[in-house]
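In what follows, a structure is listed as structure tokens, so that the remarks can point back to it.
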Amino acid sequence: MHFSFKTTFLGLSVLLFIAACKGKDEEPLPSCTGVIWGYEDTDGPDYWAELCIDYTPCGGPVQSPVNLLGTIYDPTLTDIAQTYSASGTHILNTGHSLQLNYDAGSSVFVDGDTYPLVQFHTHTHSEHALYGREFPMELHFVHKNAATGKIVVIGVFVEEGAENSLLAGFIPYLPATKNGTYDDATATFSALSFMPADKSYFKYAGSLTTPPCSEVVTWVVMEHSITASAAQIAAFKMLENENARPHQALGGRTIQYHKG
Ligand SMILES: [Zn+2]
């Protein structure tokens with residue numbers, strides 16, 4: 001009896017030891033150089049965190065996008081201070097989305113820091129949802145503070161409706177292939193023209209919605225949408241396909257609401 005107990009205990013210990021070693025000896029993830037990610041089965045959002053070492057944040061606790069639910073009105077928030085100048089037109093097809101790189105000299109001021117506007121790009125359909133409602137398109141205006149590495153992204157929902165005169169100016173020139181570009185420094189526009197007239201927004205701490213999913217983003221998602229025609233939305237969707245990451249768990253985060 002005594003012997004048998006010891007044998008069982010020893011056997012169990014060996015099993016536990018093997019299990020622990022197996023966990024430790026798993027192959028380390030490879031470098032991300034040359035790693036291809038996308039939105040399909042094997043390279044899609046469910047696998048990003050396991051593709052390579054620098055993409056592990058994609059499995060982190062404060063990821064984006066989210067379904068904007070349970071938002072809390074915060075009377076201390078103010079309209080986002082946007083100091084935007086005009087920019088020439090610099091379009092890039094990244095292979096994941098259509099991106100417009102923005103000339104230097106524009107910024108937002110959020111939580112005591114200045115964040116220069118670097119680029120904006122499109123997702124079809126929307127990445128965030130507003131109380132469960134999804135939109136056919138979402139614009140992301142990416143502002144980066146180079147000193148801190150922190151990022152502010154302003155999200156603007158696009159719903160199907162009247163033609164968007166700003167997008168109309170870009171659509172004939174959207175590059176059809178990955179890494180394709182179109183440049184016209186004299187064709188200027190202001191990102192401010194894309195912003196809804198009503199300045200109400202939702203604000204929460206999150207991440208980039210694409211690898212490496214860095215958890216350095218203060219998200220500002222405008223409550224009110226802008227419009228584009230069905231044909232305009234289709235023109236973007238045809239080139240970038242489906243490029244919306246699924247909603248991520250909110251966890252213990254709160255979503256603040258500012259009434260503009
Ligand atoms: Zn985006």
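Going through the structure tokens in order, the chains are called A, B, and so on, while each chain numbers its residues from 1 and the ligands are numbered from 1 in the order shown.
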Quiz item: Which residues, written as an MDAnalysis selection string, have at least one atom at most 6 Å from Val66 in chain A, with only C-alpha atoms counted and residues fewer than 3 positions away on the same chain left out?
Solution: chainID A and resid 128 247:248
Self-check item: All residues having an atom within 7 Å of ligand 1 (only C-alpha atoms and all ligand atoms) as a PyMOL selection string
Solution: chain A and resi 121-123+140+209
What's around Leu208 in chain A at 10 Å? Count only C-alpha atoms, leave out sequence neighbours fewer than 3 positions away in its own chain, and write the answer as a tab-separated table (two decimals) with C-alpha atoms, in the first residue's frame.
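The result, stored in around14.tsv:
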```
chain	number	residue	atom	x	y	z
A	57	PRO	CA	0.86	41.80	-28.66
A	58	CYS	CA	-2.05	40.82	-30.96
A	63	GLN	CA	-6.74	45.22	-28.18
A	64	SER	CA	-8.78	47.04	-30.81
A	65	PRO	CA	-11.26	47.34	-32.41
A	142	VAL	CA	-3.30	58.12	-37.46
A	151	ILE	CA	-0.51	57.10	-31.08
A	152	VAL	CA	-3.92	58.75	-31.32
A	153	VAL	CA	-6.25	57.36	-33.97
A	211	PRO	CA	0.09	43.55	-36.65
A	212	PRO	CA	2.10	44.24	-34.55
A	213	CYS	CA	-1.09	45.32	-32.65
A	214	SER	CA	0.98	47.59	-30.34
A	215	GLU	CA	-1.03	48.61	-27.27
A	216	VAL	CA	-0.08	52.29	-27.55
A	217	VAL	CA	-3.23	53.79	-29.04
A	218	THR	CA	-5.68	56.28	-27.59
A	219	TRP	CA	-8.77	55.73	-29.71
```
Proximity of range 59-99 of chain A to range 31-48 of chain A: per-residue shortest pair, 9 Å limit, only C-alpha atoms, as CSV:
```
residue,atom,partner,partner_atom,distance
A:Gly59,CA,A:Trp48,CA,7.9
A:Gly95,CA,A:Gly38,CA,9.0
A:His96,CA,A:Gly38,CA,7.2
```
Quiz item: Using only C-alpha atoms, which of A:Ala86, A:Leu167, A:Val220, A:Ala230 sits nearest Val110 in chain A?
Solution: A:Val220
Quiz item: Nearest to Val62 in chain A among A:Ala249, A:Ala147, A:Ile91, A:Leu174, with distances taken over only C-alpha atoms: which residue is it?
Solution: A:Ala249
Quiz item: Nearest to Gln99 in chain A among A:Leu192, A:Ala185, A:Val221, A:Leu239, with distances taken over only C-alpha atoms: which residue is it?
Solution: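 Using only C-alpha atoms, the shortest distance to Gln99 in chain A belongs to A:Leu239.
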Exercise. Please provide the set of residues having any atom within 12 Å of Ile226 in chain A, restricted to only C-alpha atoms, with same-chain residues fewer than 3 positions apart removed, written as a VMD selection string.
Key: chain A and resid 135 to 139 155 to 167 193 to 198 222 to 223 229
Quiz item: Which residues come within 10 Å of His258 in chain A, counting only C-alpha atoms, excluding same-chain residues fewer than 6 positions away, as a PyMOL selection string?
Solution: chain A and resi 71-80+199-203+220+222-223
Selected residues written out, N, CA and C atoms, as a tab-separated table (two decimals), in the first residue's frame:
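What ended up in again.tsv:
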```
chain	number	residue	atom	x	y	z
A	71	THR	N	-20.91	52.81	-22.74
A	71	THR	CA	-20.08	54.01	-22.69
A	71	THR	C	-20.50	54.91	-21.54
A	72	ILE	N	-19.54	55.66	-21.03
A	72	ILE	CA	-19.77	56.49	-19.84
A	72	ILE	C	-19.54	57.96	-20.19
A	73	TYR	N	-20.56	58.78	-20.02
A	73	TYR	CA	-20.45	60.22	-20.28
A	73	TYR	C	-19.43	60.83	-19.33
A	74	ASP	N	-18.47	61.56	-19.89
A	74	ASP	CA	-17.42	62.19	-19.07
A	74	ASP	C	-17.47	63.70	-19.30
A	75	PRO	N	-18.00	64.45	-18.32
A	75	PRO	CA	-18.17	65.91	-18.50
A	75	PRO	C	-16.84	66.66	-18.57
A	76	THR	N	-15.74	66.00	-18.22
A	76	THR	CA	-14.45	66.72	-18.25
A	76	THR	C	-13.81	66.70	-19.64
A	77	LEU	N	-14.32	65.86	-20.53
A	77	LEU	CA	-13.73	65.81	-21.88
A	77	LEU	C	-14.16	67.03	-22.70
A	78	THR	N	-13.29	67.43	-23.62
A	78	THR	CA	-13.58	68.56	-24.50
A	78	THR	C	-13.45	68.10	-25.96
A	79	ASP	N	-13.91	68.95	-26.88
A	79	ASP	CA	-13.72	68.64	-28.31
A	79	ASP	C	-12.24	68.40	-28.57
A	80	ILE	N	-11.92	67.50	-29.49
A	80	ILE	CA	-10.52	67.25	-29.84
A	80	ILE	C	-9.97	68.48	-30.58
A	199	LYS	N	-19.10	67.10	-32.91
A	199	LYS	CA	-17.79	66.69	-32.39
A	199	LYS	C	-17.87	65.62	-31.28
A	200	SER	N	-19.04	65.03	-31.08
A	200	SER	CA	-19.17	64.00	-30.04
A	200	SER	C	-18.30	62.80	-30.38
A	201	TYR	N	-17.68	62.21	-29.37
A	201	TYR	CA	-16.82	61.06	-29.63
A	201	TYR	C	-16.77	60.10	-28.44
A	202	PHE	N	-16.24	58.90	-28.72
A	202	PHE	CA	-15.95	57.89	-27.71
A	202	PHE	C	-14.43	57.77	-27.61
A	203	LYS	N	-13.93	57.56	-26.40
A	203	LYS	CA	-12.48	57.50	-26.20
A	203	LYS	C	-12.15	56.30	-25.32
A	220	VAL	N	-10.09	57.58	-30.49
A	220	VAL	CA	-11.15	58.57	-30.47
A	220	VAL	C	-12.05	58.22	-31.65
A	222	MET	N	-15.46	58.94	-33.58
A	222	MET	CA	-16.52	59.95	-33.68
A	222	MET	C	-17.89	59.26	-33.66
A	223	GLU	N	-18.83	59.86	-32.91
A	223	GLU	CA	-20.16	59.25	-32.81
A	223	GLU	C	-20.93	59.37	-34.13
```
Exercise. Please indicate the distance in Å from CA of Thr89 in chain A to CA of Thr148 in chain A, rounded to one decimal place.
Key: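 Answer for the CA of Thr89 in chain A to CA of Thr148 in chain A separation: 27.6 Å.
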Practice problem: Using only C-alpha atoms, pick whichever of A:Ile171, A:Pro28, A:Leu117, A:Glu127 has the shortest atom-to-atom distance to Ala146 in chain A. | Solution: A:Leu117
Quiz item: What separation in Å, quoted to one decimal, exists between CA of Ala81 in chain A and CA of Asn145 in chain A?
Solution: 15.1 Å
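Pairwise distance (CA of Val118 in chain A, CA of Tyr182 in chain A) equals 16.7 Å.
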Self-check item: Filtered DSSP result for range 9-159 of chain A, state strand (DSSP E), as number ranges by chain
Solution: A: 67-68, 72-73, 81-83, 86-93, 98-101, 107-110, 113-123, 129-130, 137-144, 151-159
Keeping C-alpha atoms, export the residues of the selection given above as a PDB file, in the first residue's frame.
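As written to disk, out.pdb reads:
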```pdb
ATOM      1  CA  ASN A  67     -17.901  47.154 -30.026  1.00  0.00           C
ATOM      2  CA  LEU A  68     -18.585  50.548 -28.385  1.00  0.00           C
ATOM      3  CA  ILE A  72     -19.775  56.490 -19.844  1.00  0.00           C
ATOM      4  CA  TYR A  73     -20.447  60.217 -20.278  1.00  0.00           C
ATOM      5  CA  ALA A  81      -8.228  70.162 -30.748  1.00  0.00           C
ATOM      6  CA  GLN A  82      -7.373  69.514 -34.400  1.00  0.00           C
ATOM      7  CA  THR A  83      -4.844  71.816 -36.053  1.00  0.00           C
ATOM      8  CA  ALA A  86      -3.869  71.169 -46.242  1.00  0.00           C
ATOM      9  CA  SER A  87      -1.868  68.276 -47.668  1.00  0.00           C
ATOM     10  CA  GLY A  88      -0.971  67.137 -51.149  1.00  0.00           C
ATOM     11  CA  THR A  89      -2.362  63.814 -52.348  1.00  0.00           C
ATOM     12  CA  HIS A  90      -0.071  60.828 -51.678  1.00  0.00           C
ATOM     13  CA  ILE A  91      -1.925  57.527 -52.025  1.00  0.00           C
ATOM     14  CA  LEU A  92      -0.384  54.150 -51.166  1.00  0.00           C
ATOM     15  CA  ASN A  93      -1.918  50.713 -51.606  1.00  0.00           C
ATOM     16  CA  LEU A  98      -5.654  52.248 -49.086  1.00  0.00           C
ATOM     17  CA  GLN A  99      -3.609  54.852 -47.261  1.00  0.00           C
ATOM     18  CA  LEU A 100      -3.193  58.583 -47.801  1.00  0.00           C
ATOM     19  CA  ASN A 101       0.090  59.851 -46.377  1.00  0.00           C
ATOM     20  CA  SER A 107      -1.645  67.617 -35.424  1.00  0.00           C
ATOM     21  CA  VAL A 108      -4.092  66.960 -32.615  1.00  0.00           C
ATOM     22  CA  PHE A 109      -3.634  67.851 -28.952  1.00  0.00           C
ATOM     23  CA  VAL A 110      -4.828  65.054 -26.645  1.00  0.00           C
ATOM     24  CA  ASP A 113       0.550  65.934 -25.807  1.00  0.00           C
ATOM     25  CA  THR A 114       0.796  66.896 -29.464  1.00  0.00           C
ATOM     26  CA  TYR A 115       0.351  64.122 -32.005  1.00  0.00           C
ATOM     27  CA  PRO A 116       1.249  64.922 -35.618  1.00  0.00           C
ATOM     28  CA  LEU A 117      -1.078  63.521 -38.309  1.00  0.00           C
ATOM     29  CA  VAL A 118       0.895  60.986 -40.350  1.00  0.00           C
ATOM     30  CA  GLN A 119      -1.658  59.273 -42.577  1.00  0.00           C
ATOM     31  CA  PHE A 120      -5.200  58.065 -42.866  1.00  0.00           C
ATOM     32  CA  HIS A 121      -6.495  54.838 -44.352  1.00  0.00           C
ATOM     33  CA  THR A 122      -9.700  52.944 -44.914  1.00  0.00           C
ATOM     34  CA  HIS A 123     -11.358  49.746 -43.709  1.00  0.00           C
ATOM     35  CA  ALA A 129     -19.244  48.986 -33.984  1.00  0.00           C
ATOM     36  CA  LEU A 130     -21.508  51.502 -32.302  1.00  0.00           C
ATOM     37  CA  MET A 137     -16.543  51.717 -44.096  1.00  0.00           C
ATOM     38  CA  GLU A 138     -14.378  53.373 -41.432  1.00  0.00           C
ATOM     39  CA  LEU A 139     -11.607  55.954 -41.840  1.00  0.00           C
ATOM     40  CA  HIS A 140      -8.626  55.940 -39.460  1.00  0.00           C
ATOM     41  CA  PHE A 141      -6.641  59.155 -39.000  1.00  0.00           C
ATOM     42  CA  VAL A 142      -3.302  58.121 -37.458  1.00  0.00           C
ATOM     43  CA  HIS A 143      -1.416  60.649 -35.313  1.00  0.00           C
ATOM     44  CA  LYS A 144       1.929  59.677 -33.826  1.00  0.00           C
ATOM     45  CA  ILE A 151      -0.509  57.101 -31.082  1.00  0.00           C
ATOM     46  CA  VAL A 152      -3.922  58.753 -31.315  1.00  0.00           C
ATOM     47  CA  VAL A 153      -6.249  57.363 -33.973  1.00  0.00           C
ATOM     48  CA  ILE A 154      -9.457  59.185 -34.853  1.00  0.00           C
ATOM     49  CA  GLY A 155     -12.028  56.832 -36.332  1.00  0.00           C
ATOM     50  CA  VAL A 156     -14.826  58.111 -38.566  1.00  0.00           C
ATOM     51  CA  PHE A 157     -17.685  55.829 -39.611  1.00  0.00           C
ATOM     52  CA  VAL A 158     -18.866  56.041 -43.211  1.00  0.00           C
ATOM     53  CA  GLU A 159     -22.442  55.078 -43.998  1.00  0.00           C
TER      54      GLU A 159
END
```
Quiz item: Of the residues A:Pro61, A:Thr94, A:Tyr55, A:Ala49, which is the one nearest to Gly252 in chain A, using only C-alpha atoms?
Solution: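 Answer, going by the shortest atom-to-atom distance: A:Pro61.
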Exercise. Return as a VMD selection string the full set of residues in range 139-181 of chain A whose backbone-based DSSP assignment is alpha helix (DSSP H).
Key: chain A and resid 165 to 170
Exercise. Measuring atom to atom with only C-alpha atoms, identify which of A:Glu50, A:Ser190, A:Ala231, A:Asn241 is nearest to Gly105 in chain A.
Key: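 Of A:Glu50, A:Ser190, A:Ala231, A:Asn241, the one nearest Gly105 in chain A, counting only C-alpha atoms, is A:Ser190.
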